[in-house]
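K.L.:
start14.txt is reproduced in full below (compact mmCIF, C-alpha atoms).
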# COMPACT_ATOMS: atom_id res chain seq x y z
CA MET B 1 -11.88 13.18 4.30
CA LEU B 2 -9.79 16.36 4.45
CA ILE B 3 -6.24 15.28 5.22
CA GLU B 4 -5.64 18.57 7.07
CA SER B 5 -8.05 17.44 9.79
CA PHE B 6 -6.32 14.10 10.37
CA LYS B 7 -3.65 14.21 13.08
CA PRO B 8 -2.73 10.58 13.85
CA HIS B 9 -0.27 11.20 16.74
CA PHE B 10 1.61 7.90 16.16
CA LEU B 11 -1.46 5.84 15.32
CA ALA B 12 -0.29 2.27 14.61
CA THR B 13 -1.31 -0.02 11.76
CA GLY B 14 0.19 -2.82 9.66
CA VAL B 15 1.53 -2.97 6.14
CA GLY B 16 -0.68 -5.82 4.94
CA SER B 17 0.57 -9.37 4.61
CA ILE B 18 0.37 -12.05 7.32
CA PRO B 19 2.01 -15.53 7.11
CA LEU B 20 -1.21 -17.39 7.86
CA THR B 21 -3.76 -19.16 5.67
CA ASN B 22 -6.77 -18.62 7.92
CA GLY B 23 -8.29 -15.16 7.69
CA ASP B 24 -9.95 -15.30 11.10
CA ASP B 25 -6.65 -16.15 12.80
CA ALA B 26 -4.92 -13.30 10.94
CA LEU B 27 -7.67 -10.88 11.94
CA GLU B 28 -7.37 -11.89 15.57
CA LEU B 29 -3.70 -10.89 15.48
CA ILE B 30 -4.52 -7.61 13.73
CA TRP B 31 -7.33 -6.56 16.08
CA LYS B 32 -5.21 -7.42 19.11
CA SER B 33 -2.20 -5.47 17.84
CA VAL B 34 -3.52 -2.44 15.96
CA PRO B 35 -7.14 -2.03 17.14
CA LEU B 36 -7.37 1.67 16.33
CA ALA B 37 -6.38 1.26 12.68
CA PRO B 38 -6.96 -2.37 11.67
CA HIS B 39 -6.15 -3.52 8.15
CA TRP B 40 -7.41 -6.47 6.15
CA PRO B 41 -4.92 -9.35 6.01
CA GLN B 42 -3.20 -10.22 2.77
CA LEU B 43 -2.67 -13.99 2.84
CA PRO B 44 0.01 -14.76 0.22
CA ARG B 45 0.40 -18.35 1.40
CA LEU B 46 -3.02 -19.13 -0.05
CA GLY B 47 -1.55 -19.06 -3.56
CA ALA B 48 -1.01 -16.95 -6.67
CA GLU B 49 -4.37 -15.16 -6.56
CA SER B 50 -3.48 -13.89 -3.08
CA SER B 51 0.10 -12.96 -3.93
CA PHE B 52 1.57 -9.47 -4.21
CA VAL B 53 1.57 -9.71 -8.02
CA GLY B 54 -1.57 -11.70 -8.77
CA GLN B 55 -4.02 -10.31 -6.23
CA TYR B 56 -5.11 -7.10 -7.97
CA LEU B 57 -5.31 -8.29 -11.59
CA ASN B 58 -8.80 -9.76 -11.62
CA ALA B 59 -10.29 -7.44 -14.26
CA LEU B 60 -7.28 -7.86 -16.55
CA ILE B 61 -7.43 -11.64 -16.20
CA GLU B 62 -11.19 -11.90 -16.68
CA THR B 63 -11.05 -9.84 -19.88
CA GLY B 64 -8.18 -12.00 -21.19
CA VAL B 65 -5.72 -9.12 -21.32
CA ILE B 66 -3.48 -10.97 -18.86
CA GLY B 67 -3.14 -14.75 -18.53
CA GLU B 68 -3.60 -16.68 -15.31
CA ALA B 69 -2.50 -15.33 -11.92
CA GLU B 70 0.08 -18.12 -11.52
CA ASP B 71 2.22 -16.70 -14.35
CA PRO B 72 0.70 -13.37 -15.37
CA LYS B 73 1.66 -12.13 -18.83
CA PHE B 74 -0.01 -9.70 -21.20
CA GLN B 75 -1.51 -11.74 -24.05
CA VAL B 76 -0.34 -9.44 -26.84
CA GLU B 77 0.18 -12.37 -29.23
CA ALA B 78 -3.48 -13.44 -29.04
CA THR B 79 -5.28 -13.23 -32.38
CA ASP B 80 -8.13 -11.35 -30.71
CA TRP B 81 -5.87 -9.03 -28.70
CA VAL B 82 -7.62 -5.87 -29.93
CA GLU B 83 -11.01 -7.27 -28.94
CA ARG B 84 -9.71 -8.14 -25.47
CA MET B 85 -8.36 -4.62 -25.01
CA THR B 86 -11.68 -3.20 -26.20
CA VAL B 87 -13.59 -5.21 -23.61
CA PHE B 88 -11.23 -3.99 -20.86
CA TYR B 89 -11.42 -0.32 -21.85
CA THR B 90 -15.21 -0.49 -22.20
CA GLN B 91 -15.40 -1.92 -18.71
CA TYR B 92 -13.08 0.82 -17.44
CA LEU B 93 -15.11 3.62 -19.04
CA GLU B 94 -18.33 2.27 -17.59
CA ALA B 95 -16.73 2.08 -14.14
CA ILE B 96 -15.29 5.59 -14.30
CA GLU B 97 -18.74 6.88 -15.29
CA GLY B 98 -20.25 5.41 -12.13
CA ASN B 99 -21.59 2.04 -13.26
CA GLN B 100 -21.46 0.00 -10.04
CA GLN B 101 -21.56 -3.38 -11.80
CA ALA B 102 -18.57 -2.38 -13.92
CA LEU B 103 -16.67 -1.17 -10.86
CA GLU B 104 -17.33 -4.49 -9.10
CA ARG B 105 -15.41 -6.28 -11.85
CA PHE B 106 -12.25 -4.50 -10.67
CA GLY B 107 -12.53 -6.10 -7.23
CA PHE B 108 -10.87 -9.32 -6.10
CA SER B 109 -11.38 -12.83 -7.38
CA SER B 110 -13.14 -15.06 -4.84
CA GLN B 111 -9.85 -16.58 -3.67
CA GLY B 112 -7.76 -13.43 -3.97
CA GLY B 113 -10.20 -11.49 -1.81
CA GLU B 114 -10.47 -13.98 1.03
CA GLY B 115 -8.67 -11.83 3.60
CA PHE B 116 -10.55 -8.73 2.49
CA GLU B 117 -13.96 -10.40 2.69
CA VAL B 118 -13.18 -11.88 6.12
CA PHE B 119 -12.36 -8.35 7.29
CA CYS B 120 -15.60 -6.92 5.88
CA ARG B 121 -17.71 -9.71 7.39
CA ASN B 122 -16.00 -9.17 10.73
CA LEU B 123 -16.82 -5.45 10.62
CA GLU B 124 -20.43 -6.17 9.65
CA HIS B 125 -20.86 -8.64 12.52
CA TYR B 126 -18.92 -6.96 15.35
CA GLY B 127 -18.84 -3.33 14.23
CA THR B 128 -15.73 -1.15 14.17
CA ARG B 129 -15.18 -1.42 17.96
CA ASP B 130 -12.41 1.01 19.03
CA ALA B 131 -11.17 1.68 15.50
CA ILE B 132 -10.85 5.28 14.33
CA MET B 133 -9.59 4.32 10.87
CA LEU B 134 -9.64 1.34 8.52
CA LYS B 135 -6.72 0.48 6.25
CA GLY B 136 -6.56 -1.24 2.90
CA GLN B 137 -3.72 -1.78 0.45
CA LEU B 138 -2.89 -2.67 -3.12
CA SER B 139 0.26 -3.22 -5.17
CA GLY B 140 1.72 -0.37 -7.20
CA SER B 141 2.03 -0.06 -10.96
CA LEU B 142 5.82 0.19 -11.21
CA THR B 143 6.52 -2.95 -9.18
CA LEU B 144 3.81 -4.91 -10.99
CA GLY B 145 4.82 -3.48 -14.36
CA MET B 146 8.38 -4.67 -13.84
CA GLN B 147 7.29 -8.18 -12.92
CA ILE B 148 4.44 -8.71 -15.38
CA THR B 149 5.81 -9.19 -18.87
CA ASP B 150 4.75 -9.91 -22.40
CA LYS B 151 5.55 -13.16 -24.22
CA ASN B 152 9.12 -12.00 -24.81
CA ARG B 153 9.73 -11.34 -21.12
CA ARG B 154 9.83 -7.60 -21.66
CA ALA B 155 8.65 -5.64 -18.62
CA SER B 156 5.19 -4.30 -19.36
CA TYR B 157 5.94 -1.03 -17.61
CA TYR B 158 8.02 0.07 -20.60
CA ASP B 159 5.14 -0.40 -23.04
CA ASP B 160 2.83 2.64 -23.02
CA THR B 161 -0.32 0.66 -23.82
CA LEU B 162 0.30 -2.13 -21.31
CA ARG B 163 1.27 0.32 -18.59
CA ASP B 164 -1.87 2.35 -19.27
CA MET B 165 -4.10 -0.70 -18.81
CA LEU B 166 -2.26 -1.73 -15.65
CA VAL B 167 -2.56 1.75 -14.13
CA LYS B 168 -6.25 2.06 -15.02
CA ASN B 169 -6.92 -1.40 -13.58
CA LEU B 170 -5.21 -0.45 -10.29
CA ALA B 171 -6.97 2.92 -10.14
CA MET B 172 -10.35 1.24 -10.44
CA HIS B 173 -9.41 -1.43 -7.90
CA ALA B 174 -8.26 1.27 -5.46
CA GLU B 175 -11.58 3.08 -5.93
CA TRP B 176 -13.58 -0.14 -5.48
CA GLN B 177 -11.70 -1.15 -2.35
CA THR B 178 -11.93 2.34 -0.82
CA LYS B 179 -15.67 2.43 -1.52
CA ARG B 180 -16.22 -0.97 0.11
CA LEU B 181 -14.34 -0.01 3.28
CA SER B 182 -15.93 3.44 3.45
CA GLN B 183 -19.34 1.86 4.03
CA PHE B 184 -18.35 1.21 7.65
CA GLY B 185 -18.33 4.93 8.43
CA LEU B 186 -14.68 5.46 9.31
CA PRO B 187 -11.87 7.23 7.42
CA VAL B 188 -10.11 4.82 5.04
CA LEU B 189 -6.37 4.84 4.46
CA MET B 190 -5.57 3.11 1.18
CA THR B 191 -1.88 2.41 0.73
CA ILE B 192 -0.17 1.69 -2.58
CA ASP B 193 2.68 -0.77 -1.94
CA ASP B 194 5.25 0.02 -4.62
CA PRO B 195 8.77 -0.99 -3.49
CA GLY B 196 9.99 -0.78 -7.09
CA LEU B 197 10.03 3.02 -6.75
CA TYR B 198 13.42 2.71 -5.07
CA GLY B 199 14.82 2.16 -8.57
CA PHE B 200 14.12 5.75 -9.65
CA GLY B 201 17.44 7.54 -10.05
CA ALA B 202 19.49 4.32 -9.95
CA SER B 203 21.89 3.57 -12.79
CA THR B 204 20.08 0.28 -13.40
CA HIS B 205 16.79 2.09 -14.09
CA ILE B 206 17.86 5.15 -16.05
CA THR B 207 14.81 4.97 -18.32
CA LEU B 208 12.37 5.61 -15.47
CA LYS B 209 10.98 9.13 -15.83
CA ARG B 210 9.96 11.17 -12.80
CA GLU B 211 6.97 12.75 -14.55
CA GLN B 212 5.63 9.38 -15.70
CA LEU B 213 5.99 7.81 -12.24
CA ILE B 214 4.14 10.72 -10.62
CA GLU B 215 1.43 10.64 -13.28
CA ASP B 216 0.86 6.92 -12.72
CA LEU B 217 0.77 7.31 -8.94
CA ASN B 218 -1.66 10.21 -9.18
CA ALA B 219 -3.97 8.23 -11.46
CA ILE B 220 -4.27 5.48 -8.83
CA ILE B 221 -4.55 8.03 -6.02
CA ASP B 222 -7.41 9.76 -7.87
CA GLY B 223 -9.38 6.51 -7.56
CA ILE B 224 -8.87 6.63 -3.78
CA LEU B 225 -9.72 10.31 -3.50
CA ARG B 226 -12.92 9.93 -5.54
CA GLN B 227 -14.27 7.79 -2.70
CA GLY B 228 -13.07 10.13 0.04
CA GLY B 229 -10.13 7.96 1.08
CA ILE B 230 -6.69 8.95 2.32
CA ALA B 231 -3.94 7.95 -0.11
CA GLY B 232 -0.69 6.43 1.11
CA VAL B 233 2.38 4.89 -0.50
CA HIS B 234 4.64 2.29 1.10
CA VAL B 235 8.21 1.73 -0.07
CA CYS B 236 10.41 -0.60 2.01
CA ALA B 237 13.73 0.72 0.70
CA GLY B 238 15.61 3.98 0.39
CA MET B 239 14.55 6.27 -2.44
CA ASP B 240 14.22 9.86 -3.55
CA TRP B 241 11.23 10.67 -1.35
CA THR B 242 10.62 13.96 -3.16
CA LEU B 243 9.03 11.83 -5.89
CA LEU B 244 6.24 11.07 -3.42
CA PHE B 245 6.23 14.52 -1.82
CA ASP B 246 5.59 16.02 -5.27
CA SER B 247 2.67 13.69 -6.01
CA LYS B 248 -0.84 13.61 -4.50
CA VAL B 249 0.32 11.12 -1.85
CA GLN B 250 -0.91 12.07 1.62
CA VAL B 251 0.82 9.40 3.73
CA VAL B 252 4.42 8.30 3.09
CA ASN B 253 5.23 4.96 4.75
CA PHE B 254 8.96 4.19 4.78
CA ASP B 255 11.36 1.70 6.33
CA ALA B 256 12.63 3.83 9.20
CA TYR B 257 14.67 1.00 10.66
CA ASP B 258 17.10 0.36 7.80
CA TYR B 259 16.71 3.41 5.55
CA MET B 260 16.43 6.41 7.88
CA GLN B 261 19.36 8.14 6.20
CA SER B 262 17.42 8.48 2.95
CA MET B 263 14.80 10.54 4.81
CA MET B 264 17.37 12.51 6.83
CA ALA B 265 18.87 13.78 3.59
CA LEU B 266 15.51 15.28 2.60
CA ALA B 267 14.53 17.05 5.82
CA LYS B 268 13.61 20.30 4.10
CA PRO B 269 11.25 18.73 1.50
CA LEU B 270 9.81 16.57 4.32
CA ASN B 271 9.00 19.68 6.31
CA ILE B 272 7.20 21.21 3.32
CA PHE B 273 5.23 17.95 2.96
CA LEU B 274 4.23 18.08 6.64
CA THR B 275 3.36 21.78 6.43
CA ARG B 276 0.74 21.09 3.79
CA GLY B 277 -0.79 18.31 5.90
CA GLY B 278 1.21 15.27 4.81
CA ILE B 279 1.75 12.35 7.20
CA LEU B 280 4.98 10.43 7.79
CA SER B 281 4.40 6.77 8.60
CA TRP B 282 7.41 5.25 10.34
CA GLY B 283 8.16 1.61 9.50
CA ILE B 284 10.14 1.40 12.70
CA VAL B 285 9.66 -2.28 13.64
CA PRO B 286 12.04 -4.46 11.59
CA THR B 287 10.50 -7.36 9.70
CA ASN B 288 13.50 -9.70 9.76
CA PRO B 289 15.15 -11.80 12.49
CA ILE B 290 16.87 -8.74 14.01
CA ALA B 291 13.44 -7.94 15.48
CA TRP B 292 14.13 -10.60 18.13
CA GLU B 293 16.90 -8.34 19.46
CA GLU B 294 14.56 -5.35 19.84
CA THR B 295 12.06 -4.33 22.50
CA ALA B 296 9.38 -1.67 22.42
CA GLN B 297 11.63 0.49 24.59
CA SER B 298 14.64 0.13 22.31
CA LEU B 299 12.48 1.02 19.30
CA LYS B 300 11.07 4.04 21.15
CA SER B 301 14.63 5.24 21.78
CA ARG B 302 15.48 4.77 18.11
CA LEU B 303 12.35 6.67 17.08
CA GLU B 304 13.07 9.55 19.46
CA ASN B 305 16.67 9.80 18.23
CA ASN B 306 15.47 9.93 14.63
CA ILE B 307 12.93 12.63 15.45
CA GLU B 308 15.65 14.62 17.19
CA GLU B 309 17.91 14.38 14.14
CA LEU B 310 15.13 15.51 11.79
CA VAL B 311 14.32 18.47 14.07
CA LYS B 312 18.01 19.46 14.04
CA ARG B 313 17.76 19.55 10.26
CA GLY B 314 14.82 21.93 10.32
CA VAL B 315 11.72 19.74 10.57
CA ASP B 316 8.98 21.24 12.74
CA GLU B 317 8.80 18.95 15.78
CA SER B 318 5.18 19.72 16.63
CA LEU B 319 4.03 18.94 13.08
CA LEU B 320 6.15 15.80 12.96
CA ARG B 321 4.70 14.40 16.18
CA GLN B 322 1.12 15.27 15.26
CA GLN B 323 1.46 13.89 11.74
CA SER B 324 3.25 10.59 12.34
CA MET B 325 2.05 7.00 12.19
CA LEU B 326 3.74 3.72 13.13
CA THR B 327 3.99 0.43 11.18
CA PRO B 328 6.31 -2.52 10.75
CA SER B 329 8.99 -1.81 8.15
CA CYS B 330 7.29 -4.13 5.64
CA GLY B 331 4.66 -6.84 5.40
CA THR B 332 5.16 -10.01 7.43
CA GLY B 333 3.81 -12.51 4.87
CA THR B 334 7.16 -14.18 4.21
CA LEU B 335 8.18 -14.46 7.88
CA PRO B 336 7.84 -17.44 10.20
CA LYS B 337 4.57 -17.21 12.12
CA GLU B 338 6.29 -16.67 15.47
CA LEU B 339 8.37 -13.78 14.15
CA ALA B 340 5.35 -12.13 12.55
CA GLU B 341 3.49 -12.36 15.85
CA TYR B 342 6.46 -10.78 17.63
CA VAL B 343 6.57 -7.94 15.10
CA TYR B 344 2.90 -7.21 15.78
CA LYS B 345 3.54 -7.46 19.53
CA LEU B 346 6.30 -4.86 19.20
CA ILE B 347 4.10 -2.44 17.25
CA ARG B 348 1.34 -2.80 19.86
CA GLU B 349 3.70 -2.19 22.77
CA LEU B 350 5.50 0.67 21.02
CA ARG B 351 2.19 2.42 20.42
CA GLY B 352 1.61 2.31 24.17
CA LEU B 353 4.90 4.09 24.84
CA VAL B 354 4.74 7.06 22.46
Show how you would write the structure in this file as structure tokens.
P.N.:
Amino acid sequence: MLIESFKPHFLATGVGSIPLTNGDDALELIWKSVPLAPHWPQLPRLGAESSFVGQYLNALIETGVIGEAEDPKFQVEATDWVERMTVFYTQYLEAIEGNQQALERFGFSSQGGEGFEVFCRNLEHYGTRDAIMLKGQLSGSLTLGMQITDKNRRASYYDDTLRDMLVKNLAMHAEWQTKRLSQFGLPVLMTIDDPGLYGFGASTHITLKREQLIEDLNAIIDGILRQGGIAGVHVCAGMDWTLLFDSKVQVVNFDAYDYMQSMMALAKPLNIFLTRGGILSWGIVPTNPIAWEETAQSLKSRLENNIEELVKRGVDESLLRQQSMLTPSCGTGTLPKELAEYVYKLIRELRGLV
């Protein structure tokens, strides 16, 4: 899909995770709340294979490159490490050359894909209803690379070979997932959730290189674009957003409730991003207990004030309004069920006001 033709006008969707263990119940909440852009529910309470870290590693685990999902580590000490790498790279090359069976291996494990498969079965049975877009998501390479280590607890992101395998694995998963969702005939937004990107430029992460981060993001995005998807990135913290503006990212999803200042400071680069068709996705509904103190009207006022401030700083108001989406500020998977339901109620009601 050409991103230039997509004008979402505050289309609402979710970030991904839901604090439920039943996929049908999670889907009911999603369809009720964001019916125009439903997403499949990540269900982290089902266990390690459904967690933020373990969910997208199936190909690496099956080839023995990474150990079990419960405590994922690169198995670099294995006596047959080279053979394991060879199997993985062979699988990758076959997938990139269009071998469908090879691409399937980069999908979910049976447990890890429960929420995704429930979503697909629902779409097959009931159709897409009022939806104009479908949304999927996967974890990003920096966040995973910082959490997945080798035997010595060294972050795999800092090892060129391990990072390369992780990025290629995620690129193929992104392509597989986008292809699966595209079969339902609607545009597919595939969002890379990579909160670790906030560390770029921080004194605690001085070894992170801008060029490398962009290269890794673009490699995963290429998997999405190959299947005609729209590529997004979600970061639920403040960061140097020009890192994303300078990549192939088409939709930038940020925490607009707690970290609006980080976007205000970059109004000029934001305007350039919008001018070339980029979309700003506002994570305007807080995903913590302060949400209880908010209403759809109070969040609308906050949103309008933020738009006004960006316009004062030179952002084209017409572009901004045409090319904006709405989401919660982050996933709801760690929240109490009642709070998660209220967050989704707020996003539904806010969409009706803007």
K.L.:
From the list B:Leu138, B:Val53, B:Val167, B:Met133, which residue is nearest Ala219 in chain B when using all atoms listed in the file?
P.N.:
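Closest candidate: B:Val167.
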K.L.:
When you count only C-alpha atoms, which of these residues is closest to Glu317 in chain B: B:Thr287, B:Gln261, B:Thr149, B:Asn271?
P.N.:
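The closest residue to Glu317 in chain B is B:Asn271.
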K.L.:
Would you list the contacts of Ala291 in chain B as a list of chain:residue names, taking every protein, DNA or RNA residue within 8 Å and counting only C-alpha atoms, but skipping same-chain residues closer than 5 positions in sequence?
P.N.:
B:Val285, B:Pro286, B:Leu339, B:Tyr342, B:Val343
K.L.:
Find the distance between CA of Ile148 in chain B and CA of Glu94 in chain B and write it in Å to one decimal.
P.N.:
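For CA of Ile148 in chain B relative to CA of Glu94 in chain B, the distance reads 25.4 Å.
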K.L.:
Rounded to one decimal in Å, what is the spacing between CA of Gly127 in chain B and CA of Pro19 in chain B?
P.N.:
25.2 Å
K.L.:
Pull the neighbourhood of (4.7, -10.0, -23.0) for me: all residues within 6 Å in file coordinates, counting all atoms listed in the file, as a PyMOL selection string.
P.N.:
chain B and resi 73-74+149-154
K.L.:
As JSON, numbers by chain, please: the residues near Thr334 in chain B (cut-off 9 Å, only C-alpha atoms, same-chain neighbours under 2 positions excluded).
P.N.:
{"B": [17, 18, 19, 44, 45, 331, 332, 336, 337, 340]}
K.L.:
Calculated over all atoms listed in the file, which of the candidates B:Met264, B:Ile284, B:Gly223, B:Phe200 has the smallest distance to Leu244 in chain B?
P.N.:
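Going through B:Met264, B:Ile284, B:Gly223, B:Phe200 one by one, the smallest distance to Leu244 in chain B is for B:Phe200.
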K.L.:
Point out the residue among B:Lys345, B:Lys135, B:Lys312, B:Arg226 with the least atom-to-atom distance to Gly98 in chain B, counting only C-alpha atoms.
P.N.:
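Using only C-alpha atoms, Gly98 in chain B sits closest to B:Arg226.
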K.L.:
Up to 12 Å from (3.5, -1.6, 25.1) in the file's coordinates: name the residues, counting all atoms listed in the file, as a PDB file with C-alpha atoms, keeping the file's coordinate frame.
P.N.:
ATOM      1  CA  ALA B  12      -0.290   2.270  14.610  1.00  0.00           C
ATOM      2  CA  SER B  33      -2.200  -5.470  17.840  1.00  0.00           C
ATOM      3  CA  VAL B  34      -3.520  -2.440  15.960  1.00  0.00           C
ATOM      4  CA  THR B 295      12.060  -4.330  22.500  1.00  0.00           C
ATOM      5  CA  ALA B 296       9.380  -1.670  22.420  1.00  0.00           C
ATOM      6  CA  GLN B 297      11.630   0.490  24.590  1.00  0.00           C
ATOM      7  CA  SER B 298      14.640   0.130  22.310  1.00  0.00           C
ATOM      8  CA  LEU B 299      12.480   1.020  19.300  1.00  0.00           C
ATOM      9  CA  LYS B 300      11.070   4.040  21.150  1.00  0.00           C
ATOM     10  CA  TYR B 344       2.900  -7.210  15.780  1.00  0.00           C
ATOM     11  CA  LYS B 345       3.540  -7.460  19.530  1.00  0.00           C
ATOM     12  CA  LEU B 346       6.300  -4.860  19.200  1.00  0.00           C
ATOM     13  CA  ILE B 347       4.100  -2.440  17.250  1.00  0.00           C
ATOM     14  CA  ARG B 348       1.340  -2.800  19.860  1.00  0.00           C
ATOM     15  CA  GLU B 349       3.700  -2.190  22.770  1.00  0.00           C
ATOM     16  CA  LEU B 350       5.500   0.670  21.020  1.00  0.00           C
ATOM     17  CA  ARG B 351       2.190   2.420  20.420  1.00  0.00           C
ATOM     18  CA  GLY B 352       1.610   2.310  24.170  1.00  0.00           C
ATOM     19  CA  LEU B 353       4.900   4.090  24.840  1.00  0.00           C
ATOM     20  CA  VAL B 354       4.740   7.060  22.460  1.00  0.00           C
TER      21      VAL B 354
END
K.L.:
Determine the nearest neighbour of Phe119 in chain B from the options B:Ile66, B:Val82, B:Leu181, B:Cys236, counting all atoms listed in the file.
P.N.:
B:Leu181
K.L.:
If we count all atoms listed in the file and set the cut-off at 6 Å, which residues sit around range 171-175 of chain B, ignoring sequence neighbours fewer than 6 positions away in its own chain? Please answer as a compact mmCIF listing (two decimals) with C-alpha atoms, in the coordinates of the input.
P.N.:
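The resulting out_23.txt:
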# COMPACT_ATOMS: atom_id res chain seq x y z
CA PHE B 106 -12.25 -4.50 -10.67
CA GLY B 107 -12.53 -6.10 -7.23
CA ILE B 220 -4.27 5.48 -8.83
CA GLY B 223 -9.38 6.51 -7.56
CA ILE B 224 -8.87 6.63 -3.78
K.L.:
Could you check the closest approach to Arg105 in chain B for each of B:Asn122, B:Gly140, B:Thr63, B:Ala69 and tell me which residue wins, using all atoms listed in the file?
P.N.:
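The answer is B:Thr63, which sits nearest to Arg105 in chain B.
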K.L.:
Quick one: contact table of range 14-102 of chain B to range 112-115 of chain B, 6 Å max, nearest atom pair and distance in Å to one decimal per residue, counting only C-alpha atoms, chain and number order, as a Markdown table?
P.N.:
| residue | atom | partner | partner_atom | distance |
| --- | --- | --- | --- | --- |
| B:Gly23 | CA | B:Gly115 | CA | 5.3 |
| B:Pro41 | CA | B:Gly115 | CA | 5.1 |
| B:Gln42 | CA | B:Gly115 | CA | 5.8 |
| B:Glu49 | CA | B:Gly112 | CA | 4.6 |
| B:Ser50 | CA | B:Gly112 | CA | 4.4 |
| B:Gln55 | CA | B:Gly112 | CA | 5.4 |
K.L.:
Quick one: distance from CA of Leu225 in chain B to CA of Ile96 in chain B in Å, one decimal?
P.N.:
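Interatomic distance here is 13.0 Å.
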K.L.:
Quick one: everything within 9 Å of Gln322 in chain B, counting only C-alpha atoms, minus sequence neighbours fewer than 4 positions away in the same chain. Send it as a compact mmCIF listing (two decimals) with C-alpha atoms, keeping the file's coordinate frame.
P.N.:
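Written output follows (part-v1.txt):
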# COMPACT_ATOMS: atom_id res chain seq x y z
CA PHE B 6 -6.32 14.10 10.37
CA LYS B 7 -3.65 14.21 13.08
CA PRO B 8 -2.73 10.58 13.85
CA HIS B 9 -0.27 11.20 16.74
CA PHE B 10 1.61 7.90 16.16
CA ILE B 279 1.75 12.35 7.20
CA GLU B 317 8.80 18.95 15.78
CA SER B 318 5.18 19.72 16.63
K.L.:
Could you name the residues that touch Tyr157 in chain B at 9 Å or less, counting only C-alpha atoms, but leaving out those on the same chain fewer than 3 positions away, as a list in words?
P.N.:
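Selected residues are Ser141, Leu142, Thr143, Leu144, Gly145, Met146, Gln147, Ile148, Thr149, Arg154, Asp160, Thr161, Leu162, Arg163, Asp164 and Leu166 of chain B.
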